[in-house]
>>> print(open('my_file21.txt').read())   # compact mmCIF, N, CA and C atoms
# COMPACT_ATOMS: atom_id res chain seq x y z
N MET A 1 -28.76 -9.48 -3.70
CA MET A 1 -27.74 -9.67 -4.71
C MET A 1 -28.23 -9.08 -6.03
N ARG A 2 -27.26 -8.54 -6.75
CA ARG A 2 -27.55 -8.01 -8.08
C ARG A 2 -26.77 -8.78 -9.11
N ASN A 3 -27.37 -8.98 -10.24
CA ASN A 3 -26.66 -9.57 -11.37
C ASN A 3 -26.13 -8.46 -12.24
N VAL A 4 -24.87 -8.59 -12.64
CA VAL A 4 -24.27 -7.63 -13.55
C VAL A 4 -23.60 -8.41 -14.68
N THR A 5 -23.46 -7.78 -15.80
CA THR A 5 -22.77 -8.38 -16.93
C THR A 5 -21.45 -7.67 -17.10
N ILE A 6 -20.37 -8.43 -17.21
CA ILE A 6 -19.05 -7.85 -17.44
C ILE A 6 -18.46 -8.45 -18.71
N THR A 7 -17.54 -7.73 -19.30
CA THR A 7 -16.87 -8.22 -20.50
C THR A 7 -15.40 -8.38 -20.19
N LEU A 8 -14.88 -9.58 -20.46
CA LEU A 8 -13.47 -9.88 -20.23
C LEU A 8 -12.85 -10.37 -21.52
N ASP A 9 -11.56 -10.06 -21.71
CA ASP A 9 -10.89 -10.66 -22.86
C ASP A 9 -10.68 -12.14 -22.56
N ASN A 10 -10.39 -12.91 -23.58
CA ASN A 10 -10.32 -14.38 -23.44
C ASN A 10 -9.26 -14.82 -22.43
N GLU A 11 -8.10 -14.18 -22.46
CA GLU A 11 -7.02 -14.57 -21.55
C GLU A 11 -7.40 -14.30 -20.09
N THR A 12 -7.97 -13.14 -19.83
CA THR A 12 -8.37 -12.79 -18.47
C THR A 12 -9.46 -13.73 -17.98
N ALA A 13 -10.41 -14.03 -18.85
CA ALA A 13 -11.50 -14.94 -18.46
C ALA A 13 -10.95 -16.32 -18.13
N ALA A 14 -10.00 -16.80 -18.92
CA ALA A 14 -9.42 -18.12 -18.68
C ALA A 14 -8.67 -18.15 -17.35
N GLN A 15 -7.86 -17.10 -17.10
CA GLN A 15 -7.12 -17.05 -15.83
C GLN A 15 -8.07 -16.95 -14.64
N ALA A 16 -9.13 -16.16 -14.79
CA ALA A 16 -10.09 -16.01 -13.70
C ALA A 16 -10.79 -17.33 -13.41
N LYS A 17 -11.12 -18.09 -14.45
CA LYS A 17 -11.76 -19.39 -14.26
C LYS A 17 -10.84 -20.34 -13.50
N VAL A 18 -9.56 -20.32 -13.84
CA VAL A 18 -8.59 -21.18 -13.14
C VAL A 18 -8.50 -20.79 -11.68
N HIS A 19 -8.38 -19.50 -11.39
CA HIS A 19 -8.30 -19.03 -10.00
C HIS A 19 -9.57 -19.40 -9.22
N ALA A 20 -10.72 -19.24 -9.86
CA ALA A 20 -11.98 -19.59 -9.20
C ALA A 20 -12.03 -21.08 -8.90
N ALA A 21 -11.62 -21.90 -9.87
CA ALA A 21 -11.65 -23.35 -9.67
C ALA A 21 -10.69 -23.78 -8.56
N GLU A 22 -9.52 -23.14 -8.50
CA GLU A 22 -8.57 -23.47 -7.43
C GLU A 22 -9.14 -23.19 -6.05
N ARG A 23 -10.06 -22.25 -5.96
CA ARG A 23 -10.67 -21.89 -4.68
C ARG A 23 -12.04 -22.54 -4.49
N GLY A 24 -12.44 -23.35 -5.45
CA GLY A 24 -13.72 -24.05 -5.35
C GLY A 24 -14.92 -23.12 -5.47
N MET A 25 -14.80 -22.08 -6.29
CA MET A 25 -15.87 -21.09 -6.44
C MET A 25 -16.29 -21.03 -7.90
N SER A 26 -17.49 -20.50 -8.08
CA SER A 26 -17.90 -20.18 -9.44
C SER A 26 -17.17 -18.91 -9.87
N LEU A 27 -17.09 -18.69 -11.16
CA LEU A 27 -16.44 -17.49 -11.67
C LEU A 27 -17.14 -16.24 -11.16
N SER A 28 -18.45 -16.27 -11.15
CA SER A 28 -19.23 -15.12 -10.68
C SER A 28 -18.92 -14.80 -9.22
N ARG A 29 -18.90 -15.83 -8.40
CA ARG A 29 -18.62 -15.61 -6.98
C ARG A 29 -17.18 -15.14 -6.76
N TYR A 30 -16.25 -15.71 -7.51
CA TYR A 30 -14.85 -15.32 -7.39
C TYR A 30 -14.67 -13.85 -7.73
N ILE A 31 -15.25 -13.40 -8.83
CA ILE A 31 -15.13 -12.00 -9.22
C ILE A 31 -15.77 -11.10 -8.17
N GLY A 32 -16.89 -11.53 -7.62
CA GLY A 32 -17.53 -10.76 -6.55
C GLY A 32 -16.63 -10.63 -5.33
N GLU A 33 -15.96 -11.73 -4.96
CA GLU A 33 -15.06 -11.71 -3.80
C GLU A 33 -13.86 -10.80 -4.06
N VAL A 34 -13.31 -10.86 -5.26
CA VAL A 34 -12.16 -10.01 -5.59
C VAL A 34 -12.56 -8.55 -5.51
N LEU A 35 -13.71 -8.20 -6.06
CA LEU A 35 -14.18 -6.81 -6.00
C LEU A 35 -14.45 -6.38 -4.56
N ARG A 36 -15.07 -7.24 -3.79
CA ARG A 36 -15.39 -6.91 -2.40
C ARG A 36 -14.10 -6.65 -1.61
N ARG A 37 -13.11 -7.52 -1.79
CA ARG A 37 -11.84 -7.37 -1.08
C ARG A 37 -11.13 -6.08 -1.51
N GLU A 38 -11.14 -5.79 -2.80
CA GLU A 38 -10.49 -4.58 -3.31
C GLU A 38 -11.17 -3.32 -2.78
N LEU A 39 -12.47 -3.29 -2.79
CA LEU A 39 -13.20 -2.12 -2.31
C LEU A 39 -13.04 -1.94 -0.81
N ARG A 40 -13.03 -3.03 -0.07
CA ARG A 40 -12.87 -2.95 1.39
C ARG A 40 -11.49 -2.44 1.76
N SER A 41 -10.45 -2.90 1.05
CA SER A 41 -9.09 -2.44 1.39
C SER A 41 -8.96 -0.95 1.12
N GLY A 42 -9.60 -0.46 0.07
CA GLY A 42 -9.59 0.98 -0.20
C GLY A 42 -10.29 1.76 0.88
N ASP A 43 -11.41 1.23 1.38
CA ASP A 43 -12.15 1.90 2.46
C ASP A 43 -11.34 1.94 3.74
N ILE A 44 -10.65 0.84 4.05
CA ILE A 44 -9.84 0.77 5.26
C ILE A 44 -8.70 1.78 5.18
N TYR A 45 -8.06 1.86 4.02
CA TYR A 45 -6.97 2.82 3.85
C TYR A 45 -7.48 4.25 4.00
N ASP A 46 -8.59 4.54 3.35
CA ASP A 46 -9.15 5.89 3.43
C ASP A 46 -9.51 6.27 4.87
N ALA A 47 -10.09 5.33 5.61
CA ALA A 47 -10.46 5.60 7.00
C ALA A 47 -9.22 5.85 7.85
N ALA A 48 -8.16 5.07 7.64
CA ALA A 48 -6.93 5.26 8.39
C ALA A 48 -6.29 6.60 8.06
N TYR A 49 -6.32 6.97 6.79
CA TYR A 49 -5.75 8.25 6.37
C TYR A 49 -6.53 9.41 6.99
N ARG A 50 -7.85 9.34 6.95
CA ARG A 50 -8.66 10.40 7.56
C ARG A 50 -8.41 10.50 9.05
N SER A 51 -8.26 9.37 9.71
CA SER A 51 -7.97 9.37 11.15
C SER A 51 -6.62 10.02 11.43
N TRP A 52 -5.63 9.69 10.61
CA TRP A 52 -4.30 10.28 10.79
C TRP A 52 -4.34 11.78 10.56
N ARG A 53 -5.05 12.22 9.52
CA ARG A 53 -5.14 13.64 9.21
C ARG A 53 -5.89 14.41 10.29
N ALA A 54 -6.81 13.76 10.98
CA ALA A 54 -7.60 14.43 12.01
C ALA A 54 -6.80 14.63 13.29
N GLY A 55 -5.71 13.91 13.44
CA GLY A 55 -4.89 14.03 14.65
C GLY A 55 -4.24 15.40 14.74
N LYS A 56 -3.96 15.78 15.95
CA LYS A 56 -3.33 17.09 16.16
C LYS A 56 -1.82 16.98 15.95
N ALA A 57 -1.25 18.06 15.49
CA ALA A 57 0.20 18.10 15.30
C ALA A 57 0.89 18.05 16.66
N PHE A 58 2.01 17.42 16.72
CA PHE A 58 2.74 17.35 17.98
C PHE A 58 3.90 18.34 17.93
N PRO A 59 4.18 18.98 19.04
CA PRO A 59 5.27 19.96 19.05
C PRO A 59 6.63 19.26 19.02
N LEU A 60 7.55 19.87 18.33
CA LEU A 60 8.91 19.34 18.32
C LEU A 60 9.61 19.77 19.59
N ALA A 61 10.41 18.90 20.15
CA ALA A 61 11.08 19.18 21.42
C ALA A 61 12.32 20.03 21.19
N GLY A 62 12.52 21.01 22.03
CA GLY A 62 13.73 21.81 22.01
C GLY A 62 13.71 22.91 20.97
N PRO A 63 14.68 23.78 21.06
CA PRO A 63 14.76 24.90 20.11
C PRO A 63 15.23 24.42 18.73
N ALA A 64 14.95 25.22 17.73
CA ALA A 64 15.38 24.89 16.37
C ALA A 64 16.90 24.88 16.28
N GLN A 65 17.44 23.93 15.55
CA GLN A 65 18.88 23.82 15.37
C GLN A 65 19.18 23.72 13.89
N PRO A 66 20.34 24.17 13.47
CA PRO A 66 20.68 24.08 12.05
C PRO A 66 20.94 22.63 11.66
N TYR A 67 20.75 22.36 10.38
CA TYR A 67 21.05 21.03 9.87
C TYR A 67 22.55 20.77 9.96
N PRO A 68 22.96 19.52 10.12
CA PRO A 68 24.40 19.25 10.14
C PRO A 68 25.00 19.48 8.75
N ARG A 69 26.26 19.80 8.71
CA ARG A 69 26.94 19.96 7.43
C ARG A 69 27.11 18.60 6.79
N ARG A 70 27.34 18.60 5.50
CA ARG A 70 27.48 17.35 4.76
C ARG A 70 28.62 16.50 5.34
N GLU A 71 29.72 17.15 5.66
CA GLU A 71 30.87 16.42 6.20
C GLU A 71 30.52 15.72 7.52
N GLU A 72 29.73 16.39 8.33
CA GLU A 72 29.32 15.80 9.61
C GLU A 72 28.37 14.63 9.40
N ALA A 73 27.46 14.79 8.45
CA ALA A 73 26.47 13.75 8.21
C ALA A 73 27.10 12.48 7.66
N TYR A 74 28.15 12.65 6.85
CA TYR A 74 28.78 11.50 6.21
C TYR A 74 30.10 11.11 6.85
N ASP A 75 30.37 11.61 8.03
CA ASP A 75 31.59 11.25 8.74
C ASP A 75 31.36 9.91 9.42
N ARG A 76 31.86 8.89 8.80
CA ARG A 76 31.68 7.54 9.35
C ARG A 76 33.04 6.90 9.53
N SER A 77 33.61 7.17 10.67
CA SER A 77 34.96 6.67 10.94
C SER A 77 34.97 5.15 10.94
N VAL A 78 33.87 4.53 11.18
CA VAL A 78 33.80 3.07 11.20
C VAL A 78 34.08 2.51 9.81
N LEU A 79 33.71 3.25 8.77
CA LEU A 79 33.87 2.76 7.41
C LEU A 79 35.24 3.07 6.81
N ARG A 80 35.99 3.90 7.49
CA ARG A 80 37.33 4.25 6.98
C ARG A 80 38.29 3.08 7.19
N ARG A 81 39.13 2.88 6.18
CA ARG A 81 40.17 1.84 6.32
C ARG A 81 41.34 2.42 7.09
N ARG A 82 41.93 1.61 7.88
CA ARG A 82 43.05 2.08 8.69
C ARG A 82 44.34 1.57 8.16
>>> encode(input="my_file21.txt", output="structure tokens")
Amino acid sequence: MRNVTITLDNETAAQAKVHAAERGMSLSRYIGEVLRRELRSGDIYDAAYRSWRAGKAFPLAGPAQPYPRREEAYDRSVLRRR
């Protein structure tokens, strides 16, 4: 374990103390847990992104087709009043 010194404004320090007390932790331990959780979630996201990027592209099925016209895309006879 390493000791570090951090500087917090009064409002942030007060809120952090309340959150730590609600969880039955010291302020130091609470801040350590928050940092650990934040850093771990970033690592998990980065690993998932790298895994996704490493995957091979999949071929699209069938020949290329033109996009539908606007009228076709928004033709919703179900929504028309009769």
>>> atom_distance(input="my_file21.txt", atom1="atom CA of Arg36 of chain A", atom2="atom CA of Ala54 of chain A")
26.9 Å
>>> residues_around(input="my_file21.txt", residues="Ile6 of chain A", least_positions_apart="2", cutoff="12 Å", atoms="only C-alpha atoms", output="ChimeraX atom specification")
/A:3-4,8-9,12-13,27-28,31-32
>>> atom_distance(input="my_file21.txt", atom1="atom CA of Arg2 of chain A", atom2="atom C of Ala47 of chain A")
28.0 Å
>>> atom_distance(input="my_file21.txt", atom1="atom N of Ala21 of chain A", atom2="atom C of Thr7 of chain A")
17.4 Å
>>> closest_residue(input="my_file21.txt", among="A:Ala61, A:Asn10, A:Asp46, A:Ala16", to="Glu33 of chain A", atoms="only C-alpha atoms")
A:Ala16
